[in-house]
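Heads up, the thing below is written out as structure tokens.
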Amino acid sequence: MSHVIIVGAGLSGAIIARELAEAGHTSHIVEARSHIAGNCHTERDTETGVMVHLYGPHIFHTGDTEVWDYVNAYAEFVPYRHRVLTKIKRGGADEVFAMPIHLSTINQFFGTHMSEAEAEAFVTAKADSTITDPQNFEEQALAFIGPELYEAFFKGYTIKQWGCDPRDLPASILKRLPLRFTDDDSYFNHPHQGLPRHGYTPMVAAMLDHPNITVSLNTPYDAAVHNGDHVFYSGPLDGYFDHKLGRLGYRTLDFEKFTDTGNYQDIPVMNYGDAEVPFTRITEHKHFAPWEDHAGTVCYREFSRLCGVDDIPYYPIRLVDEKALLTEYVTMAEATPGVTFVGRLATYRYIDMDVCIREALDLARGFLESGTAPTFSAAPL
């Protein structure tokens, strides 16, 4: 039986530790923060009792039935349908539209009453058909929905979120967002959608509740101290090498908390599309547990900016300079024996929770079968 070191007590680390523990292997998890569950950590607000997603909302949605069954083995998931609105200024007045763009959004924005087929033909005519191979975010948007919808709903928000011109961003970012010509205003369209009744942190705690797993919080990883037969590392890739070649680019978030009584906005998430509004969105966390009843409410304004040395990284930027630096770090990682880089930060990718879980499961099972593990849980490049 092996003894492994796992860096990070988020989803990747917890799942790998649990899978190995069930097979008799021991794991020591070192976590630099004071809590488990990583960025999906949840806790009760002391003033209102509302369950808060401390690092921003995490909505679980997946088309992977095995992953859905896996998380339900450690927590009771309650069906949840996520809804998002966007507020923009038109003609000097604020207007609110449902997102993602769907039939009602299109009709409201253009003042029409089109059917599904009519709306699809209408938006297709608006799209720039001369852009056959979009090279950046803006080209993808113009080829996808045309200039009016792009300017209203994506341009300003994108500039705030990423801190650069949309023409400098890859087209792949927009490809993740749906466009529908039906009245379905659900933000996600996966067959399995829900939230854990008691939050994500108890779910991760249940995964870690095994005699073969030990966890050390407030403990940064030190290769000279934390020794094992193998290391599964889920921290930032450049951080493992002490940023020797420079820092990979990330965006981070600042949260401005405020409380109120009743409901503040009657919706979990309100995006603010105009570039002149400094924050990207307001989240109201009582709506992430609609089965609970609270007199008070907790909201957060989110501000996006470039990640600094002491900040928590959220979104990998992955522009040309970062990709060049990433290639160098990948080469260094591949020359580092006995270490597997796993999860969002270590593979420098923006991935959803279900993908993170799937990759951790596959990695752990492969390790149990062969006694070895690849350098990366998934290719960063």
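Labeling convention for the structure tokens: chains A, B, ... as they appear, residues from 1 per chain, ligands from 1 in order of appearance.
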
Would you please extract all strand (DSSP E or B) residues from stretch 236-330 of chain A, as assigned by DSSP on the backbone, and give them as a VMD selection string?
-> chain A and resid 250 to 261 269 to 272 281 to 284 296 to 306 315 to 316

Spatial neighbours of A:Ser234, 8 Å, only C-alpha atoms, chain gap at least 5 places, as a PyMOL selection string | chain A and resi 6-8+12-13+341-346

Keeping C-alpha atoms, export the residues of the selection given above as a tab-separated table (two decimals), in the first residue's frame.
```
chain	number	residue	atom	x	y	z
A	6	ILE	CA	-2.17	15.49	-1.79
A	7	VAL	CA	-1.83	19.24	-2.06
A	8	GLY	CA	-5.19	20.95	-1.70
A	12	SER	CA	-9.81	17.04	-6.77
A	13	GLY	CA	-7.81	16.28	-3.64
A	341	PHE	CA	-0.76	18.03	-11.50
A	342	VAL	CA	-4.52	17.86	-11.15
A	343	GLY	CA	-7.50	20.19	-11.24
A	344	ARG	CA	-8.27	23.69	-12.48
A	345	LEU	CA	-5.22	25.54	-11.11
A	346	ALA	CA	-2.60	22.91	-11.78
```

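Note that the spacing between atom CA of A:Tyr187 and atom CA of A:Arg318 amounts to 24.9 Å.
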
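Residue nearest A:Tyr70 within the list A:Met207, A:Leu237, A:His190, A:Val277: A:Met207 [criterion: smallest interatomic distance, only C-alpha atoms].
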
Could you please determine the separation between atom CA of A:Ala373 and atom CA of A:Ala360 in Å, to one decimal place?
->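 Computing it gives 11.3 Å between the two atoms.
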
In terms of only C-alpha atoms, the residue from A:Leu319, A:Tyr329, A:Thr283, A:Thr105 at minimal distance from A:Arg167 is A:Leu319

Give me the residues near A:Pro236 as a compact mmCIF listing (two decimals) with C-alpha atoms, in the first residue's frame, where near means some atom within 12 Å (using only C-alpha atoms) and where sequence neighbours in that chain fewer than 3 positions away do not count.
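Result file is part.txt:
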```
# COMPACT_ATOMS: atom_id res chain seq x y z
CA VAL A 7 -1.83 19.24 -2.06
CA GLY A 8 -5.19 20.95 -1.70
CA TYR A 221 3.07 22.40 0.81
CA TYR A 233 -0.75 18.61 -6.63
CA GLY A 239 3.38 28.05 -7.75
CA TYR A 240 4.79 24.53 -7.56
CA PHE A 241 7.97 25.86 -9.16
CA ASP A 242 8.00 28.99 -6.97
CA HIS A 243 7.16 31.10 -10.06
CA ARG A 247 3.67 34.21 -13.01
CA LEU A 248 0.88 32.81 -15.14
CA GLY A 249 -1.93 35.31 -15.63
CA TYR A 250 -5.17 34.95 -13.68
CA VAL A 309 0.76 37.93 -5.61
CA ASP A 311 -4.77 37.01 -4.28
CA ILE A 312 -6.83 33.89 -4.90
CA PRO A 313 -6.66 32.94 -8.60
CA TYR A 314 -10.03 32.28 -10.27
CA TYR A 315 -9.90 32.44 -14.07
CA PRO A 316 -6.83 31.59 -16.18
CA LEU A 326 2.51 27.75 -19.81
CA TYR A 329 6.00 25.21 -17.15
CA ALA A 333 6.38 19.54 -14.93
CA PHE A 341 -0.76 18.03 -11.50
CA VAL A 342 -4.52 17.86 -11.15
CA GLY A 343 -7.50 20.19 -11.24
CA ARG A 344 -8.27 23.69 -12.48
CA LEU A 345 -5.22 25.54 -11.11
CA ALA A 346 -2.60 22.91 -11.78
CA THR A 347 -3.71 22.40 -15.38
CA TYR A 348 -4.38 26.13 -15.94
CA ARG A 349 -7.87 25.53 -17.34
```
